[in-house]
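Here is the structure we will look at, set down as structure tokens.
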Amino acid sequence: MAQLKCPNCGREFVRRISRSGVLEVLLSYFYVYPFKCQLCGERFRHRERGVRYVRMDGDRRDYERIEMKFPVSFFGQDIKGEGIVFSVSMGGCTMQTQAQVEIGAILNLSLQISKDVPPVIVDAGAVRNVRDGIIGVEFLLWQQSERERLQLFVRGLLIGRGVDLDPLDPTERPVTK
């Protein structure tokens with residue numbers, strides 16, 4: 001299978017994602033599956049003739065998480081704190097903090113991705129998961145320039161791995177007919 005490219009940004013960092021709705025389930029009978037660019041977030045469909053995906057249990061995130069440690073500071077209504085991000089993607093991050101944060105809280109985040117550059121600012125992130133000081137945050141709102149800075153960082157991490165993203169959702173495996 002040739003490496004699939006994002007129709008929006010032209011990069012090869014795409015990942016097969018879960019089908020959404022009846023239309024995508026029906027389209028899969030004709031080998032048309034949904035994909036998402038890991039950098040620009042473009043969601044698109046692509047036909048892969050002769051390839052079927054068999055559902056497997058596991059992580060169903062749209063973005064691949066990249067393990068990385070860097071400091072983060074955040075604030076929201078009646079809360080302020082600091083922590084360490086230990087996984088990041090264009091869709092969000094997972095961090096560890098001592099601050100008491102509740103699911104649903106909206107936070108402004110400052111991601112210190114490098115000592116050499118100013119932090120990436122996320123204007124609004126929603127807390128989606130809280131467990132034993134580990135917080136999962138989905139990025140909701142940020143300036144385009146800040147998003148582009150994080151894209152460059154994530155792209156560097158993906159390229160630095162020496163392997164391109166597998167375009168397949170880790171919960172699904174292709175079966176060629």
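Each chain in the structure tokens gets a letter, A, B, ..., in the order shown, and its residues are numbered from 1; ligands are numbered from 1 in order too.
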Selection: 10 Å around A:Met90, only C-alpha atoms, excl. self and same-chain fewer than 5 positions, as an MDAnalysis selection string: chainID A and resid 37:41 62:66 138:139 147:148 150:151 153:155
For A:Arg149: contacts at 12 Å, only C-alpha atoms, fewer than 3 positions along chain excluded, given as a PyMOL selection string: chain A and resi 39-40+90+111-114+117-122+142-146+152-156
Among the residues A:Asp132, A:Asp116, A:Arg19, A:Ala126, the one that comes closest to A:Ala99 [using only C-alpha atoms]: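 Among A:Asp132, A:Asp116, A:Arg19, A:Ala126, it is A:Asp132 that comes nearest to A:Ala99.
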Secondary structure check, alpha helix (DSSP H) residues of stretch 26-154 of chain A, as a PyMOL selection string: chain A and resi 26-28+144-154
How would the residues just chosen look if you wrote them out with N, CA and C atoms as a CSV table (one decimal), in the first residue's frame?
chain,number,residue,atom,x,y,z
A,26,LEU,N,-21.5,2.3,5.8
A,26,LEU,CA,-21.9,1.8,4.5
A,26,LEU,C,-20.8,2.0,3.5
A,27,LEU,N,-20.1,3.1,3.5
A,27,LEU,CA,-19.0,3.3,2.6
A,27,LEU,C,-17.9,2.3,2.8
A,28,SER,N,-17.7,1.8,4.0
A,28,SER,CA,-16.6,0.8,4.2
A,28,SER,C,-16.9,-0.5,3.4
A,144,GLN,N,-3.9,30.4,15.6
A,144,GLN,CA,-3.3,29.6,14.5
A,144,GLN,C,-1.8,29.6,14.5
A,145,SER,N,-1.2,30.7,14.9
A,145,SER,CA,0.3,30.7,15.0
A,145,SER,C,0.8,29.7,16.1
A,146,GLU,N,0.0,29.6,17.2
A,146,GLU,CA,0.4,28.6,18.3
A,146,GLU,C,0.2,27.2,17.8
A,147,ARG,N,-0.9,26.9,17.1
A,147,ARG,CA,-1.1,25.6,16.5
A,147,ARG,C,0.0,25.2,15.6
A,148,GLU,N,0.4,26.1,14.7
A,148,GLU,CA,1.5,25.9,13.8
A,148,GLU,C,2.8,25.6,14.5
A,149,ARG,N,3.1,26.2,15.6
A,149,ARG,CA,4.3,26.0,16.4
A,149,ARG,C,4.3,24.5,17.0
A,150,LEU,N,3.1,24.1,17.5
A,150,LEU,CA,3.0,22.8,18.0
A,150,LEU,C,3.1,21.8,16.9
A,151,GLN,N,2.5,22.1,15.7
A,151,GLN,CA,2.6,21.2,14.5
A,151,GLN,C,4.1,20.9,14.2
A,152,LEU,N,4.9,22.0,14.2
A,152,LEU,CA,6.3,21.8,13.9
A,152,LEU,C,7.0,20.9,14.9
A,153,PHE,N,6.7,21.1,16.1
A,153,PHE,CA,7.2,20.3,17.2
A,153,PHE,C,6.8,18.9,17.1
A,154,VAL,N,5.6,18.6,16.9
A,154,VAL,CA,5.1,17.2,16.7
A,154,VAL,C,5.6,16.6,15.5
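Using only C-alpha atoms, the smallest distance between any of A:Asn129, A:Lys36, A:Gly91, A:Leu109 and A:Phe13 comes from A:Lys36.
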All strand (DSSP E or B) residues (DSSP, backbone) inside stretch 10-131 of chain A, as an MDAnalysis selection string: chainID A and resid 14:16 32:37 43:47 51:55 66:76 79:89 92:97 106:111 120:131
Test item: residues at most 10 Å from A:Met68, only C-alpha atoms, excluding those fewer than 3 positions along its chain, as number ranges by chain: A: 65, 84-88, 113, 157
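Nearest-residue note for A:Arg45: choosing from A:Gly136, A:Gly160, A:Pro7, A:Gly83, the minimum distance belongs to A:Pro7, counting only C-alpha atoms.
The coordinates place atom CA of A:Tyr33 at 7.5 Å from atom CA of A:Glu48.
Between A:Val25 and the residues A:Leu107, A:Arg52, A:Arg11, A:Glu42, the shortest atom-to-atom distance, using only C-alpha atoms, involves A:Arg52.
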Residue neighbourhood A:Val137, 7 Å, only C-alpha atoms, exclusion window fewer than 5 positions, as a list in words: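 Counting only C-alpha atoms, the residues come to Gly92, Cys93, Thr94, Gly125, Ala126, Val127 and Arg128 of chain A.
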